[in-house]
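Just below is one structure, and these are the notes that go with it.
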Amino acid sequence: MTSLAVSPGGPLIGRLSVPGDKSISHRVVMLAGLADGTSEITGLSDGDDVAHTVSIVEALGAGVEVVDGVVSITGGGLGPAGGSLYVGNSGTGIRLLAGMLAGLAFTSVLDGDESIRRRPMDRVVDPLRAMGADICGVDGSALAPLTIDGGGLHGVEYAPPMASAQVKGCVLFAGLSADGPTTVVESEPTRAHTEELMAAFGIEVITGPGGVTVQPGRPVAFTHRVAGDPSQAAFWAVAAAIVEGSDVVVENVYSGPVRTGFVDVLARMGADITHDAVSGDLSVGASALKGTVVEAAEVPGLVDEVPVLAVAAACAEGETRFCGVGELRVKETDRMATISSELGAMGARVRVEGDDLIVVGGPMQGAEVDSHGDHRIAMASAVAALVAEGPTVVSGWEAVDTSYPAFGRDLESLRA
Ligand code: S3P
C-alpha cells in the first residue's frame with residue numbers, strides 16, 4: 001500500500017493536460033475490437049481500468065500494438081478467450097463488456113476485483129436476459145463473476161430503472177448483434193458517448209425523444225483522438241478555485257453533453273471558471289465560494305464529481321445540498337459513506353439525509369485518511385489537503401492508478 005503526503009502551501013499555477021477520457025476510452029477500444037481492420041487511437045486513458053479493457057479485447061483475439069502513444073487495434077472476428085476476463089476495478093468495463101459479449105456466440109466469464117464482485121450487476125443482467133441472453137452471476141446471483149453464453153439476441157425497447165450510461169451502453173452494445181433494432185429510453189439523459197461513437201464509426205443510430213435506437217451492425221475501423229477527461233479536470237478545477245492565488249488551465253477537456261455539470265455548479269458557487277468548448281481549455285482561478293443546491297436532475301452530468309465538489313462545498317460559505325445522489329452508494333465504494341468519513345476526518349461537516357448529501361462549509365485540518373481503494377476518494381482527499389491546516393496523509397494512494405496514475409506528479413508541477 002502506498003500513501004501520498006500533502007501539506008498546504010502556495011498557489012497552483014500552470015497549464016496541464018489530463019488523461020484521455022476514461023468513458024470514451026473503454027468504448028473506442030471495444031468498438032475497435034469489433035471493427036474489421038485496424039483502428040488507431042491516440043490519447044487513450046493511461047489508467048489500469050482501460051488497460052484491462054484493452055487486454056480483454058486482445059484476449060478475445062484482437063491485435064494490439066502501441067507505438068509512440070498510438071494504440072492500434074486490429075479487430076473483427078473476436079472469439080473465445082482462454083480463461084476468465086478480468087476488468088480490475090472497472091464498473092464501466094464489466095457492464096459494457098457484458099453487453100458486447102452477450103452478442104458474441106461463445107462463452108465468456110467476466111470477473112473483477114473485490115469491489116467489482118460487490119457491485120450490482122442486475123442492472124445489466126436483467127435487460128440482457130430480456131434480449132434473450134444466457135447470463136448468470138456467481139451462485140445464481142447477479143454478482144460477478146458473470147458467465148455469458150453469447151448469441152441469439154433479440155432487439156428490445158428498454159427503459160432502465162436508474163439513470164445510467166453504463167446500462168444504456170451495455171444494451172446498445174448488445175443491440176449491435178441483435179436480430180432487429182434496440183432502443184433505450186432514459187428517464188434522465190446520461191452521457192452520450194456510446195451512441196455518439198457508434199454513429200461516428202458506421203453504426204446506424206437514431207437519437208430522439210423516443211430514446212436512442214441502434215440497428216444491428218459492425219463498426220468500421222477508425223482513427224480517433226480521445227479528448228481529456230472532464231472528471232479528472234474537475235480535481236484541478238476545484239483545487240484552483242479553493243487555493244488562494246491559483247490560476248490553472250486544463251487543456252483539451254471534453255465538452256460534450258452530460259459531462260461537465262461540475263463547471264455550472266462551480267460557477268454558481270462563485271468560482272472564476274470558463275470552459276472553451278472549441279479549444280477545450282478549462283480555465284480556473286481562485287475565488288470565494290458559496291453553497292448551492294445541486295438538483296437531482298443535474299446529477300447524471302456530474303455523478304463522478306461529487307467527491308471533489310464536496311471538497312468545494314466544504315470550503316464554501318454556507319450549506320451545499322447534493323439532491324438525489326443515492327447512486328453514489330454503488331460506485332467503487334459507497335461514496336455517501338467514504339465522502340462522509342474521509343472529509344469528516346479532516347473536520348468537514350458532511351451529513352446524509354436519505355439520498356441527499358449535505359456539506360456545510362468550515363475549516364478543515366490535516367488528518368490521516370484512506371482511499372478505501374477508491375481513486376476519486378483518494379484524489380478528492382488530496383485536494384482537500386491543499387487547504388487544510390497541517391499535513392495530510394492519504395493512504396491507499398495506489399487507487400489512483402485506475403484512472404490517473406500521474407496525479408501526484410501533476411500536483412507537484414502545478415505547485416512548483
Ligand atoms: C460511466 C457512467 C457512470 C459513471 C462511470 C462511467 C460510463 O456510471 O459513474 O464512472 O462510462 O458510462 P453509471 O452508469 O452507473 O451512472
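Residues are named by chain letter and number: chains run A, B, ... in the order of the C-alpha cells, numbers start at 1 in each chain, and ligands are numbered from 1 in the order shown.
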Report the closest atom pair, with its distance in Å rounded to one decimal, for each residue of chain A that has an atom no farther than 10 Å from ligand 1; count only C-alpha atoms and all ligand atoms, sort by chain and then rising residue number, and write it as a tab-separated table.
```
residue	atom	partner	partner_atom_place_in_ligand_line	distance
A:Asp21	CA	ligand 1	11 (O)	9.1
A:Lys22	CA	ligand 1	11 (O)	6.9
A:Ser23	CA	ligand 1	11 (O)	3.7
A:Ile24	CA	ligand 1	11 (O)	6.9
A:Ser25	CA	ligand 1	11 (O)	8.8
A:His26	CA	ligand 1	11 (O)	7.6
A:Arg27	CA	ligand 1	11 (O)	8.1
A:Ser90	CA	ligand 1	10 (O)	8.4
A:Gly91	CA	ligand 1	5 (C)	7.1
A:Thr92	CA	ligand 1	11 (O)	5.3
A:Gly93	CA	ligand 1	11 (O)	8.2
A:Arg95	CA	ligand 1	12 (O)	8.7
A:Leu96	CA	ligand 1	12 (O)	8.0
A:Pro120	CA	ligand 1	15 (O)	9.7
A:Arg123	CA	ligand 1	15 (O)	9.3
A:Met162	CA	ligand 1	16 (O)	8.1
A:Ala163	CA	ligand 1	16 (O)	6.3
A:Ser164	CA	ligand 1	14 (O)	3.3
A:Ala165	CA	ligand 1	14 (O)	3.9
A:Gln166	CA	ligand 1	14 (O)	3.7
A:Val167	CA	ligand 1	14 (O)	5.9
A:Lys168	CA	ligand 1	14 (O)	7.6
A:Gly169	CA	ligand 1	12 (O)	6.6
A:Cys170	CA	ligand 1	12 (O)	8.9
A:Thr190	CA	ligand 1	16 (O)	7.7
A:Arg191	CA	ligand 1	12 (O)	6.8
A:Ala192	CA	ligand 1	12 (O)	8.5
A:His193	CA	ligand 1	12 (O)	7.7
A:Thr194	CA	ligand 1	12 (O)	8.0
A:Ser231	CA	ligand 1	10 (O)	8.6
A:Arg259	CA	ligand 1	4 (C)	9.7
A:Val299	CA	ligand 1	16 (O)	9.1
A:Pro300	CA	ligand 1	16 (O)	6.6
A:Gly301	CA	ligand 1	3 (C)	9.2
A:Leu302	CA	ligand 1	9 (O)	8.5
A:Val303	CA	ligand 1	9 (O)	5.7
A:Asp304	CA	ligand 1	9 (O)	5.1
A:Glu305	CA	ligand 1	9 (O)	8.9
A:Glu327	CA	ligand 1	16 (O)	7.2
A:Leu328	CA	ligand 1	9 (O)	8.3
A:Val330	CA	ligand 1	15 (O)	7.9
A:Lys331	CA	ligand 1	9 (O)	6.9
A:Glu332	CA	ligand 1	10 (O)	8.8
A:Arg376	CA	ligand 1	10 (O)	9.9
```
Against range 395-407 of chain A, which residues of range 21-101 of chain A fall within 6 Å? For each one I want the closest pair of atoms and the distance in Å (one decimal), counting only C-alpha atoms, rows by chain and increasing residue number, as a tab-separated table.
```
residue	atom	partner	partner_atom	distance
A:Gly47	CA	A:Ser403	CA	4.2
A:Asp48	CA	A:Thr402	CA	4.4
A:Asp49	CA	A:Thr402	CA	5.2
```
File of the preceding selection, N, CA and C atoms, as a PDB file, in the first residue's frame:
```pdb
ATOM      1  N   GLY A  47      -4.917   4.808 -17.458  1.00  0.00           N
ATOM      2  CA  GLY A  47      -5.174   4.129 -16.189  1.00  0.00           C
ATOM      3  C   GLY A  47      -5.379   2.633 -16.348  1.00  0.00           C
ATOM      4  N   ASP A  48      -5.335   1.936 -15.214  1.00  0.00           N
ATOM      5  CA  ASP A  48      -5.487   0.474 -15.238  1.00  0.00           C
ATOM      6  C   ASP A  48      -6.850   0.025 -15.774  1.00  0.00           C
ATOM      7  N   ASP A  49      -7.902   0.803 -15.490  1.00  0.00           N
ATOM      8  CA  ASP A  49      -9.242   0.369 -15.918  1.00  0.00           C
ATOM      9  C   ASP A  49      -9.276   0.124 -17.423  1.00  0.00           C
TER      10      ASP A  49
END
```
From the list A:Asp281, A:Glu342, A:Asp113, A:Glu319, which residue is nearest Val253 in chain A when using only C-alpha atoms?
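So, comparing all the options, the nearest one is A:Asp281.
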Can you list, as a PyMOL selection string, every protein, DNA or RNA residue that comes within 9 Å of Gly390 in chain A when you count only C-alpha atoms, leaving out same-chain residues fewer than 6 positions away?
chain A and resi 6-8+365-367
Per DSSP on the backbone, filter range 155-398 of chain A down to the residues in alpha helix (DSSP H) and report them as an MDAnalysis selection string.
chainID A and resid 165:175 193:200 230:242 261:268 306:314 335:345 375:385
Residues within 7 Å of range 67-73 of chain A, only C-alpha atoms, excluding chain neighbours under 6 positions, as a list in words:
Ala32, Gly33, Thr38, Ser39, Glu40, Ile41 and Thr42 of chain A
Using N, CA, C and O atoms, can you write the selected residues to a file as a short mmCIF file (atom, residue, chain, number, x, y, z; two decimals), in the first residue's frame?
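File produced: out.cif:
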```cif
data_model
loop_
_atom_site.label_atom_id
_atom_site.label_comp_id
_atom_site.auth_asym_id
_atom_site.auth_seq_id
_atom_site.Cartn_x
_atom_site.Cartn_y
_atom_site.Cartn_z
N ALA A 32 -13.27 -0.71 -31.59
CA ALA A 32 -12.13 -1.11 -32.44
C ALA A 32 -11.99 -2.63 -32.45
O ALA A 32 -11.65 -3.22 -33.48
N GLY A 33 -12.27 -3.26 -31.32
CA GLY A 33 -12.20 -4.72 -31.26
C GLY A 33 -13.25 -5.38 -32.16
O GLY A 33 -13.02 -6.45 -32.72
N THR A 38 -7.90 -2.15 -38.99
CA THR A 38 -7.10 -1.58 -37.89
C THR A 38 -7.57 -0.16 -37.57
O THR A 38 -7.62 0.70 -38.44
N SER A 39 -7.89 0.06 -36.30
CA SER A 39 -8.25 1.39 -35.82
C SER A 39 -7.06 1.97 -35.07
O SER A 39 -6.32 1.23 -34.41
N GLU A 40 -6.90 3.30 -35.16
CA GLU A 40 -5.78 3.95 -34.47
C GLU A 40 -6.32 4.96 -33.49
O GLU A 40 -7.10 5.85 -33.85
N ILE A 41 -5.88 4.82 -32.23
CA ILE A 41 -6.42 5.66 -31.17
C ILE A 41 -5.27 6.41 -30.50
O ILE A 41 -4.27 5.80 -30.10
N THR A 42 -5.42 7.73 -30.37
CA THR A 42 -4.44 8.50 -29.58
C THR A 42 -5.14 9.07 -28.36
O THR A 42 -6.36 9.26 -28.35
#
```
Near range 288-293 of chain A, within 8 Å and counting only C-alpha atoms, which residues show up once chain neighbours fewer than 5 positions away are dropped, as a list in words?
Ala241, Ile242, Val265, Arg268, Met269, Gly270, Ala271, Ala312, Ala313, Cys315, Ala316, Glu317, Gly318, Glu319, Thr320, Arg321, Phe322, Cys323, Val360 and Gly361 of chain A
Just C-alpha atoms for this one: save the residues we selected as a PDB file, in the first residue's frame.
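Below is the file that was written, again31.pdb:
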```pdb
ATOM      1  CA  ALA A 241     -10.857  27.513  -7.048  1.00  0.00           C
ATOM      2  CA  ILE A 242     -10.070  26.943  -3.364  1.00  0.00           C
ATOM      3  CA  VAL A 265     -22.089  24.113 -10.255  1.00  0.00           C
ATOM      4  CA  ARG A 268     -22.926  29.021  -9.393  1.00  0.00           C
ATOM      5  CA  MET A 269     -20.821  28.730  -6.250  1.00  0.00           C
ATOM      6  CA  GLY A 270     -18.888  31.829  -7.360  1.00  0.00           C
ATOM      7  CA  ALA A 271     -15.842  30.190  -8.954  1.00  0.00           C
ATOM      8  CA  ALA A 312     -15.504  22.722  -2.833  1.00  0.00           C
ATOM      9  CA  ALA A 313     -18.625  22.756  -0.659  1.00  0.00           C
ATOM     10  CA  CYS A 315     -14.582  25.393   1.513  1.00  0.00           C
ATOM     11  CA  ALA A 316     -17.692  27.433   0.682  1.00  0.00           C
ATOM     12  CA  GLU A 317     -19.699  29.749   2.869  1.00  0.00           C
ATOM     13  CA  GLY A 318     -22.921  28.080   3.986  1.00  0.00           C
ATOM     14  CA  GLU A 319     -24.550  24.817   3.031  1.00  0.00           C
ATOM     15  CA  THR A 320     -24.447  22.784  -0.186  1.00  0.00           C
ATOM     16  CA  ARG A 321     -27.027  20.080  -0.787  1.00  0.00           C
ATOM     17  CA  PHE A 322     -26.477  17.372  -3.384  1.00  0.00           C
ATOM     18  CA  CYS A 323     -30.009  16.071  -4.022  1.00  0.00           C
ATOM     19  CA  VAL A 360     -21.557  22.784   5.457  1.00  0.00           C
ATOM     20  CA  GLY A 361     -18.504  24.962   4.835  1.00  0.00           C
TER      21      GLY A 361
END
```
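Neighbouring residues of Arg218 in chain A at 7 Å or closer, counting only C-alpha atoms and skipping chain neighbours under 2 positions away, are Leu34, Ala35, Leu176, Ile203 and Val220 of chain A.
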Selected residues written out with N, CA, C and O atoms, as an mmCIF file, in the first residue's frame:
```cif
data_model
loop_
_atom_site.group_PDB
_atom_site.id
_atom_site.type_symbol
_atom_site.label_atom_id
_atom_site.label_comp_id
_atom_site.auth_asym_id
_atom_site.auth_seq_id
_atom_site.Cartn_x
_atom_site.Cartn_y
_atom_site.Cartn_z
ATOM 1 N N LEU A 34 -14.402 -4.730 -32.302
ATOM 2 C CA LEU A 34 -15.476 -5.297 -33.134
ATOM 3 C C LEU A 34 -15.281 -4.992 -34.612
ATOM 4 O O LEU A 34 -15.773 -5.724 -35.475
ATOM 5 N N ALA A 35 -14.563 -3.899 -34.917
ATOM 6 C CA ALA A 35 -14.457 -3.446 -36.314
ATOM 7 C C ALA A 35 -13.482 -4.314 -37.103
ATOM 8 O O ALA A 35 -12.423 -4.694 -36.589
ATOM 9 N N LEU A 176 -25.957 -4.333 -31.081
ATOM 10 C CA LEU A 176 -25.193 -4.456 -32.338
ATOM 11 C C LEU A 176 -25.311 -5.857 -32.922
ATOM 12 O O LEU A 176 -25.140 -6.047 -34.124
ATOM 13 N N ILE A 203 -22.266 2.836 -37.392
ATOM 14 C CA ILE A 203 -23.494 2.149 -36.964
ATOM 15 C C ILE A 203 -24.675 3.092 -37.185
ATOM 16 O O ILE A 203 -24.552 4.301 -36.994
ATOM 17 N N VAL A 220 -17.036 0.299 -38.474
ATOM 18 C CA VAL A 220 -15.913 0.251 -39.420
ATOM 19 C C VAL A 220 -14.669 0.775 -38.712
ATOM 20 O O VAL A 220 -14.769 1.601 -37.797
#
```
